[in-house]
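Structure below is work.txt: compact mmCIF, C-alpha atoms.
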# COMPACT_ATOMS: atom_id res chain seq x y z
CA MET A 1249 -63.94 -3.05 94.37
CA ALA A 1250 -60.88 -4.95 93.05
CA HIS A 1251 -60.33 -4.27 89.36
CA GLN A 1252 -58.72 -6.96 87.25
CA ALA A 1253 -55.69 -6.11 85.10
CA HIS A 1254 -56.60 -8.75 82.46
CA ALA A 1255 -59.42 -9.47 80.01
CA TYR A 1256 -60.32 -12.91 81.30
CA HIS A 1257 -63.30 -13.99 83.40
CA MET A 1258 -62.66 -15.20 86.96
CA VAL A 1259 -66.11 -16.56 87.81
CA ASP A 1260 -67.79 -16.11 91.20
CA PRO A 1261 -68.08 -19.29 93.31
CA SER A 1262 -71.18 -21.12 92.16
CA PRO A 1263 -73.29 -23.98 93.58
CA TRP A 1264 -74.58 -25.17 90.20
CA PRO A 1265 -71.80 -27.64 89.32
CA LEU A 1266 -72.56 -29.45 92.59
CA THR A 1267 -76.34 -29.42 92.13
CA GLY A 1268 -75.84 -30.59 88.51
CA ALA A 1269 -73.61 -33.45 89.63
CA VAL A 1270 -76.15 -34.55 92.24
CA ALA A 1271 -78.88 -34.31 89.57
CA ALA A 1272 -76.83 -36.67 87.38
CA LEU A 1273 -76.44 -39.05 90.35
CA LEU A 1274 -80.19 -39.03 91.07
CA LEU A 1275 -81.12 -39.45 87.39
CA THR A 1276 -78.85 -42.46 86.88
CA SER A 1277 -79.47 -44.23 90.18
CA GLY A 1278 -83.14 -43.25 89.89
CA THR A 1279 -83.41 -44.96 86.51
CA ALA A 1280 -81.91 -48.13 88.01
CA ILE A 1281 -84.33 -47.98 90.95
CA TRP A 1282 -87.25 -47.44 88.56
CA MET A 1283 -86.29 -50.51 86.58
CA HIS A 1284 -85.83 -52.79 89.59
CA PHE A 1285 -88.21 -51.46 92.24
CA ASN A 1286 -90.98 -49.77 90.24
CA SER A 1287 -90.46 -46.37 91.95
CA MET A 1288 -90.06 -43.19 89.87
CA SER A 1289 -89.48 -40.78 92.76
CA LEU A 1290 -85.67 -40.72 92.71
CA MET A 1291 -85.52 -40.28 88.93
CA SER A 1292 -88.18 -37.52 89.02
CA LEU A 1293 -86.29 -35.70 91.77
CA GLY A 1294 -83.19 -35.89 89.57
CA MET A 1295 -85.12 -34.42 86.62
CA ILE A 1296 -86.42 -31.49 88.73
CA LEU A 1297 -82.94 -30.81 90.08
CA LEU A 1298 -81.49 -30.92 86.55
CA LEU A 1299 -84.04 -28.37 85.30
CA LEU A 1300 -83.36 -26.07 88.28
CA THR A 1301 -79.60 -26.32 87.67
CA ILE A 1302 -79.97 -25.64 83.94
CA TYR A 1303 -82.20 -22.62 84.53
CA GLN A 1304 -80.02 -20.98 87.19
CA TRP A 1305 -76.62 -21.78 85.63
CA TRP A 1306 -77.50 -20.36 82.23
CA ARG A 1307 -79.35 -17.43 83.86
CA ASP A 1308 -76.08 -16.62 85.64
CA ILE A 1309 -74.08 -16.82 82.39
CA ILE A 1310 -76.49 -14.30 80.80
CA ARG A 1311 -76.00 -12.05 83.83
CA GLU A 1312 -72.20 -12.37 83.61
CA GLY A 1313 -72.13 -11.64 79.86
CA THR A 1314 -74.93 -9.19 79.16
CA PHE A 1315 -75.23 -7.40 82.50
CA GLN A 1316 -71.71 -7.54 83.95
CA GLY A 1317 -69.68 -7.28 80.72
CA HIS A 1318 -67.43 -10.25 81.43
CA HIS A 1319 -67.61 -11.64 77.88
CA THR A 1320 -64.67 -9.70 76.41
CA PRO A 1321 -63.26 -10.76 73.00
CA PRO A 1322 -60.80 -13.33 74.44
CA VAL A 1323 -63.54 -14.77 76.67
CA GLN A 1324 -65.89 -14.96 73.69
CA LYS A 1325 -63.19 -16.76 71.71
CA GLY A 1326 -63.04 -19.38 74.48
CA LEU A 1327 -66.83 -19.75 74.39
CA ARG A 1328 -66.67 -20.28 70.62
CA TYR A 1329 -64.02 -22.98 71.02
CA GLY A 1330 -66.16 -24.57 73.71
CA MET A 1331 -69.30 -24.71 71.57
CA ILE A 1332 -67.39 -26.09 68.58
CA LEU A 1333 -65.79 -28.80 70.72
CA PHE A 1334 -69.16 -29.71 72.22
CA ILE A 1335 -70.81 -30.00 68.79
CA THR A 1336 -67.85 -32.11 67.63
CA SER A 1337 -68.43 -34.49 70.54
CA GLU A 1338 -72.10 -34.73 69.50
CA VAL A 1339 -71.01 -35.58 65.94
CA PHE A 1340 -69.05 -38.53 67.37
CA PHE A 1341 -72.09 -39.53 69.43
CA PHE A 1342 -74.20 -39.83 66.26
CA LEU A 1343 -71.35 -41.46 64.35
CA GLY A 1344 -71.69 -44.43 66.72
CA PHE A 1345 -75.34 -44.95 65.80
CA PHE A 1346 -74.61 -44.61 62.10
CA TRP A 1347 -71.85 -47.22 62.57
CA ALA A 1348 -74.37 -49.56 64.15
CA PHE A 1349 -76.83 -49.02 61.29
CA TYR A 1350 -74.25 -49.64 58.56
CA HIS A 1351 -72.78 -52.65 60.42
CA SER A 1352 -76.16 -54.39 60.35
CA SER A 1353 -77.46 -53.17 57.01
CA LEU A 1354 -74.38 -53.64 54.78
CA ALA A 1355 -74.09 -57.36 55.64
CA PRO A 1356 -77.58 -58.52 56.74
CA THR A 1357 -77.50 -61.83 58.63
CA PRO A 1358 -79.49 -64.96 57.63
CA GLU A 1359 -81.75 -64.33 60.65
CA LEU A 1360 -82.95 -61.18 58.89
CA GLY A 1361 -83.49 -63.04 55.62
CA GLY A 1362 -80.11 -62.02 54.25
CA CYS A 1363 -81.60 -58.74 52.95
CA TRP A 1364 -82.11 -55.11 53.97
CA PRO A 1365 -84.74 -54.06 54.86
CA PRO A 1366 -85.13 -57.34 56.76
CA THR A 1367 -87.94 -59.75 55.82
CA GLY A 1368 -91.26 -58.68 57.27
CA ILE A 1369 -90.36 -55.02 57.76
CA THR A 1370 -92.59 -52.47 55.98
CA THR A 1371 -90.44 -49.38 55.68
CA LEU A 1372 -91.73 -45.80 55.60
CA ASP A 1373 -91.96 -44.22 52.13
CA PRO A 1374 -89.01 -41.79 52.02
CA PHE A 1375 -90.87 -39.51 49.61
CA GLU A 1376 -93.81 -38.86 51.92
CA VAL A 1377 -93.53 -37.34 55.44
CA PRO A 1378 -89.73 -37.86 55.68
CA LEU A 1379 -89.26 -35.70 52.57
CA LEU A 1380 -91.52 -33.02 54.04
CA ASN A 1381 -89.44 -33.16 57.21
CA THR A 1382 -86.31 -32.61 55.12
CA ALA A 1383 -87.87 -29.55 53.50
CA VAL A 1384 -88.98 -28.21 56.89
CA LEU A 1385 -85.50 -28.44 58.39
CA LEU A 1386 -83.79 -27.02 55.31
CA ALA A 1387 -86.23 -24.09 55.38
CA SER A 1388 -85.48 -23.57 59.06
CA GLY A 1389 -81.79 -23.36 58.17
CA VAL A 1390 -82.63 -20.51 55.81
CA THR A 1391 -84.79 -18.69 58.37
CA VAL A 1392 -82.13 -18.95 61.10
CA THR A 1393 -79.57 -17.43 58.69
CA TRP A 1394 -82.10 -14.69 57.92
CA ALA A 1395 -82.42 -14.09 61.68
CA HIS A 1396 -78.63 -13.81 62.02
CA HIS A 1397 -78.36 -11.23 59.27
CA SER A 1398 -81.28 -9.29 60.77
CA ILE A 1399 -79.50 -9.16 64.13
CA MET A 1400 -76.23 -8.06 62.52
CA GLU A 1401 -78.04 -5.30 60.63
CA GLY A 1402 -79.89 -4.09 63.72
CA GLN A 1403 -83.30 -5.01 62.24
CA ARG A 1404 -85.13 -5.83 65.46
CA LYS A 1405 -88.57 -6.71 64.06
CA GLN A 1406 -87.22 -8.90 61.26
CA ALA A 1407 -84.93 -10.72 63.68
CA ILE A 1408 -87.90 -11.51 65.94
CA GLN A 1409 -90.04 -12.65 62.99
CA SER A 1410 -87.42 -14.90 61.37
CA LEU A 1411 -86.37 -16.41 64.70
CA THR A 1412 -90.02 -17.14 65.55
CA LEU A 1413 -90.48 -18.76 62.13
CA THR A 1414 -87.40 -20.93 62.73
CA ILE A 1415 -88.79 -22.15 66.06
CA LEU A 1416 -92.23 -22.83 64.54
CA LEU A 1417 -90.58 -24.92 61.79
CA GLY A 1418 -88.74 -26.84 64.51
CA PHE A 1419 -92.03 -27.54 66.30
CA TYR A 1420 -93.64 -28.58 63.01
CA PHE A 1421 -90.81 -31.11 62.43
CA THR A 1422 -91.27 -32.52 65.93
CA PHE A 1423 -95.03 -32.77 65.43
CA LEU A 1424 -94.67 -34.53 62.06
CA GLN A 1425 -92.07 -36.92 63.42
CA GLY A 1426 -94.30 -37.68 66.40
CA MET A 1427 -97.13 -38.58 64.02
CA GLU A 1428 -94.76 -40.82 62.02
CA TYR A 1429 -93.68 -42.59 65.21
CA TYR A 1430 -97.31 -43.20 66.15
CA GLU A 1431 -98.30 -44.49 62.70
CA ALA A 1432 -95.16 -46.51 61.93
CA PRO A 1433 -95.81 -50.17 60.98
CA PHE A 1434 -92.78 -51.29 63.01
CA THR A 1435 -91.56 -50.72 66.59
CA ILE A 1436 -88.23 -50.43 68.39
CA ALA A 1437 -88.60 -54.12 69.30
CA ASP A 1438 -88.66 -55.22 65.66
CA GLY A 1439 -85.15 -56.57 65.46
CA VAL A 1440 -82.09 -54.60 64.54
CA TYR A 1441 -84.06 -52.54 61.99
CA GLY A 1442 -86.34 -51.20 64.70
CA SER A 1443 -83.46 -50.62 67.11
CA THR A 1444 -81.27 -48.67 64.69
CA PHE A 1445 -84.20 -46.70 63.30
CA PHE A 1446 -85.71 -45.54 66.57
CA VAL A 1447 -82.46 -45.00 68.50
CA ALA A 1448 -80.87 -42.91 65.73
CA THR A 1449 -84.00 -40.90 64.82
CA GLY A 1450 -85.04 -40.75 68.48
CA PHE A 1451 -81.81 -39.12 69.64
CA HIS A 1452 -82.04 -36.81 66.65
CA GLY A 1453 -85.56 -35.80 67.70
CA LEU A 1454 -84.32 -35.09 71.21
CA HIS A 1455 -81.66 -32.81 69.71
CA VAL A 1456 -84.33 -31.00 67.66
CA ILE A 1457 -86.22 -30.34 70.89
CA ILE A 1458 -83.05 -29.12 72.63
CA GLY A 1459 -82.18 -26.92 69.63
CA SER A 1460 -85.69 -25.46 69.49
CA SER A 1461 -85.49 -24.67 73.22
CA PHE A 1462 -82.10 -22.96 72.76
CA LEU A 1463 -83.56 -20.87 69.90
CA ALA A 1464 -86.62 -20.03 72.03
CA VAL A 1465 -84.37 -18.69 74.78
CA CYS A 1466 -82.58 -16.61 72.13
CA LEU A 1467 -85.95 -15.25 70.97
CA LEU A 1468 -86.78 -14.18 74.53
CA ARG A 1469 -83.36 -12.52 74.82
CA GLN A 1470 -83.73 -10.77 71.45
CA VAL A 1471 -87.13 -9.39 72.53
CA GLN A 1472 -85.50 -8.16 75.75
CA PHE A 1473 -82.74 -6.27 73.88
CA HIS A 1474 -79.90 -8.52 75.05
CA PHE A 1475 -78.25 -8.86 71.63
CA THR A 1476 -76.32 -6.11 69.86
CA SER A 1477 -75.43 -6.11 66.18
CA LYS A 1478 -71.79 -6.81 67.08
CA HIS A 1479 -72.20 -9.11 70.09
CA HIS A 1480 -74.73 -11.96 70.06
CA PHE A 1481 -72.73 -15.13 70.61
CA GLY A 1482 -75.59 -16.93 72.40
CA PHE A 1483 -77.59 -16.68 69.19
CA GLU A 1484 -74.64 -17.81 67.05
CA ALA A 1485 -74.14 -20.86 69.28
CA ALA A 1486 -77.84 -21.72 68.93
CA ALA A 1487 -77.62 -21.29 65.13
CA TRP A 1488 -74.53 -23.54 64.93
CA TYR A 1489 -76.33 -26.20 66.97
CA TRP A 1490 -79.40 -25.89 64.77
CA HIS A 1491 -77.34 -26.35 61.56
CA PHE A 1492 -75.71 -29.42 63.16
CA VAL A 1493 -79.20 -30.88 63.87
CA ASP A 1494 -80.17 -30.20 60.25
CA VAL A 1495 -77.05 -31.94 58.88
CA VAL A 1496 -77.60 -35.00 61.10
CA TRP A 1497 -81.14 -35.25 59.72
CA LEU A 1498 -79.80 -35.12 56.13
CA PHE A 1499 -77.49 -38.06 56.90
CA LEU A 1500 -80.36 -39.92 58.60
CA TYR A 1501 -82.64 -39.29 55.63
CA ILE A 1502 -80.12 -40.43 53.03
CA SER A 1503 -78.87 -43.48 54.99
CA ILE A 1504 -81.83 -44.88 56.92
CA TYR A 1505 -84.91 -43.55 55.15
CA TRP A 1506 -83.77 -43.59 51.54
CA TRP A 1507 -80.87 -46.08 51.04
CA GLY A 1508 -82.21 -48.32 53.80
CA SER A 1509 -85.71 -48.66 52.35
CA MET B 1003 -91.42 21.22 70.90
CA ASN B 1004 -94.16 19.53 72.94
CA ARG B 1005 -95.98 22.83 73.34
CA VAL B 1006 -95.84 23.36 69.57
CA LEU B 1007 -97.15 19.86 68.82
CA LYS B 1008 -99.48 19.83 71.84
CA VAL B 1009 -98.52 16.15 72.48
CA PRO B 1010 -99.84 15.15 75.89
CA VAL B 1011 -97.34 13.67 78.36
CA MET B 1012 -99.81 10.85 79.11
CA LEU B 1013 -99.11 9.28 75.71
CA HIS B 1014 -95.53 8.60 76.76
CA ARG B 1015 -96.53 6.60 79.84
CA ALA B 1016 -99.17 4.57 77.95
CA PHE B 1017 -96.52 3.46 75.46
CA SER B 1018 -94.17 1.83 77.95
CA SER B 1019 -96.86 -0.45 79.38
CA SER B 1020 -98.25 -1.64 76.03
CA ALA B 1021 -97.37 -5.15 74.92
CA ARG B 1022 -96.18 -4.13 71.47
CA GLN B 1023 -93.40 -1.72 72.50
CA LEU B 1024 -91.20 -3.31 75.20
CA ARG B 1025 -88.93 -0.96 77.09
CA ASN B 1026 -85.21 -1.82 77.07
CA LYS B 1027 -84.50 -2.87 80.66
CA VAL B 1028 -80.89 -3.95 80.06
CA PRO B 1029 -79.32 -0.72 81.48
CA GLU B 1030 -81.24 -1.23 84.75
CA ALA B 1031 -80.11 -4.86 84.93
CA GLN B 1032 -76.54 -3.77 84.24
CA LYS B 1033 -76.72 -1.31 87.15
CA LEU B 1034 -78.18 -3.96 89.49
CA PHE B 1035 -75.61 -6.63 88.65
CA GLN B 1036 -72.64 -4.28 88.69
CA GLU B 1037 -73.43 -2.91 92.15
CA ASP B 1038 -70.41 -3.21 94.42
CA ASN B 1039 -72.10 -5.27 97.17
CA GLY B 1040 -69.84 -8.35 97.15
CA LEU B 1041 -72.74 -10.68 96.28
CA PRO B 1042 -71.99 -13.64 93.97
CA VAL B 1043 -73.87 -13.57 90.68
CA HIS B 1044 -76.23 -16.44 91.57
CA ILE B 1045 -77.93 -14.44 94.37
CA LYS B 1046 -77.22 -10.90 93.17
CA GLY B 1047 -80.70 -10.52 91.66
CA GLY B 1048 -82.51 -10.30 94.98
CA THR B 1049 -84.87 -12.28 97.24
CA SER B 1050 -86.22 -14.60 94.56
CA ASP B 1051 -82.65 -15.67 93.76
CA VAL B 1052 -82.06 -16.61 97.39
CA LEU B 1053 -85.34 -18.52 97.67
CA LEU B 1054 -84.71 -20.47 94.46
CA TYR B 1055 -81.14 -21.24 95.60
CA ARG B 1056 -82.34 -22.49 98.98
CA ALA B 1057 -85.02 -24.67 97.34
CA THR B 1058 -82.44 -26.13 94.94
CA MET B 1059 -79.88 -26.84 97.68
CA THR B 1060 -82.59 -28.42 99.88
CA LEU B 1061 -83.51 -30.76 97.02
CA THR B 1062 -79.81 -31.48 96.44
CA ILE B 1063 -79.16 -32.55 100.04
CA ALA B 1064 -82.48 -34.37 100.40
CA GLY B 1065 -81.91 -36.10 97.08
CA THR B 1066 -78.44 -37.26 98.09
CA CYS B 1067 -79.83 -38.77 101.31
CA TYR B 1068 -82.71 -40.35 99.37
CA SER B 1069 -80.29 -41.98 96.92
CA LEU B 1070 -78.26 -43.37 99.85
CA TYR B 1071 -81.49 -44.81 101.31
CA TRP B 1072 -82.26 -46.57 98.03
CA LEU B 1073 -78.65 -47.79 97.88
CA LEU B 1074 -79.25 -49.50 101.24
CA VAL B 1075 -82.53 -50.98 100.05
CA ALA B 1076 -80.92 -52.27 96.86
CA SER B 1077 -77.99 -53.79 98.82
CA MET B 1078 -80.27 -55.82 101.07
CA PRO B 1079 -81.28 -59.33 100.01
CA GLN B 1080 -84.71 -59.45 98.32
CA ARG B 1081 -87.52 -60.71 100.54
CA LYS B 1082 -88.91 -63.97 99.14
CA PRO B 1083 -92.74 -63.98 98.96
What would you get if you wrote out this structure as structure tokens?
Amino acid sequence: MAHQAHAYHMVDPSPWPLTGAVAALLLTSGTAIWMHFNSMSLMSLGMILLLLTIYQWWRDIIREGTFQGHHTPPVQKGLRYGMILFITSEVFFFLGFFWAFYHSSLAPTPELGGCWPPTGITTLDPFEVPLLNTAVLLASGVTVTWAHHSIMEGQRKQAIQSLTLTILLGFYFTFLQGMEYYEAPFTIADGVYGSTFFVATGFHGLHVIIGSSFLAVCLLRQVQFHFTSKHHFGFEAAAWYWHFVDVVWLFLYISIYWWGS
Amino acid sequence: MNRVLKVPVMLHRAFSSSARQLRNKVPEAQKLFQEDNGLPVHIKGGTSDVLLYRATMTLTIAGTCYSLYWLLVASMPQRKP
């Protein structure tokens, strides 16, 4: 077996970038076909292929890191840079939607009644469910930090408990937000108020679901002894992502729910 | 020590299969994935890896052809009723 004389990771050839690219093709063209020809088959095929790619690609990364030892300190440094850059790109993604909200709400047009919230819109009370949601996410930020310290101190049971609690709080947020969506007195079609509200909070909700899934995978890995007290970057990446989701919510709450009501 | 405590060996085996105390299987996985067999990581786990890979690649190729079919359909003029 050829032994490398460097600490970097030369990955094995992998089919997943190709299958992922085809999944993206099928999802996008499938959405267009769904809209024009009333057929969901192409889009659904894309979704299945995306899920298969995600599962196998990340399974392979776990194998490379935890089972093959490829994630040396310089490799881990690169992974850290990568996750930080990705989260930064997500910050810019949300910045766009906040821009849209402030563009419309700081100078409301005559068509809206010259006021914000626009005439005819009944806003949600920011001190009811939205405030509970804020408390839930802040609490989950505490529990995920608790989980991190438990992992670093080698406290297996506490790590499992606090990580489980974090995920449950994430599910609770999603459930509460789902109820709010169902009960809301306005829809996405209700002018620019509806558009900015549901697009911004909707993408946030999607990120909560993604973050909860990432944490759930970490829970499974923690149960299976993958993490050591010194090396658990997968968990750290999930925790960073979760804090990012929490901060986005705080901005949403202050801007759209509170100031915008 | 066992003879002194009279702890039966059976207790040991019962423990590993109980749901509360999971056995650490990482060393076994490390041995499997570090075996010098020249296999790439995406099929190094065994038969289920190969089957899942084949299913995924089949969907990839079929999906590509399917999208080209729809591209043809979408390029054709719409039939007027």
Restrict the distance test to all atoms listed in the file, flag each residue of chain A within 10 Å of chain B, and return the flagged residues as number ranges by chain.
-> A: 1249-1250, 1259-1264, 1266-1271, 1273-1275, 1277-1278, 1280-1281, 1284-1285, 1289-1291, 1293-1294, 1296-1298, 1300-1301, 1304-1305, 1307-1309, 1311-1312, 1314-1317, 1471-1474
What's the 12 Å shell around Thr1367 in chain A, counting all atoms listed in the file, without same-chain residues fewer than 6 positions away, as a list in words?
->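 The neighbour list is Pro1356, Thr1357, Pro1358, Glu1359, Leu1360, Gly1361, Asp1438, Gly1439, Val1440, Tyr1441 and Ser1509 of chain A.
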For Thr1393 in chain A, which residue out of A:Trp1497, A:Trp1488, A:Tyr1256, A:Trp1507 is the nearest one, using all atoms listed in the file?
-> A:Trp1488
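Atom to atom, CA of Pro1378 in chain A and CA of Phe1462 in chain A stand 23.9 Å apart.
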How many Å lie between CA of Tyr1420 in chain A and CA of Ala1448 in chain A, rounded to one decimal?
->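 For CA of Tyr1420 in chain A relative to CA of Ala1448 in chain A, the distance reads 19.4 Å.
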Tell me, in Å to one decimal, how far CA of Pro1321 in chain A is from CA of Met1258 in chain A.
->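 Going from CA of Pro1321 in chain A over to CA of Met1258 in chain A, I get 14.7 Å.
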Which of these, A:Gln1324, A:Thr1435, A:Thr1444, A:Gln1470, has the shortest distance to Gln1409 in chain A once you count all atoms listed in the file?
->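 For Gln1409 in chain A, the nearest of the candidates is A:Gln1470.
Between Thr1382 in chain A and the candidates A:Glu1484, A:Asp1494, A:Glu1428, A:Glu1338, the tightest atom-to-atom separation, counting only C-alpha atoms, involves A:Asp1494.
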For Thr1412 in chain A, which residue among A:Ala1464, A:Phe1375, A:Ser1337, A:Cys1363 is the nearest when counting all atoms listed in the file?
->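 Closest to Thr1412 in chain A, using all atoms listed in the file: A:Ala1464.
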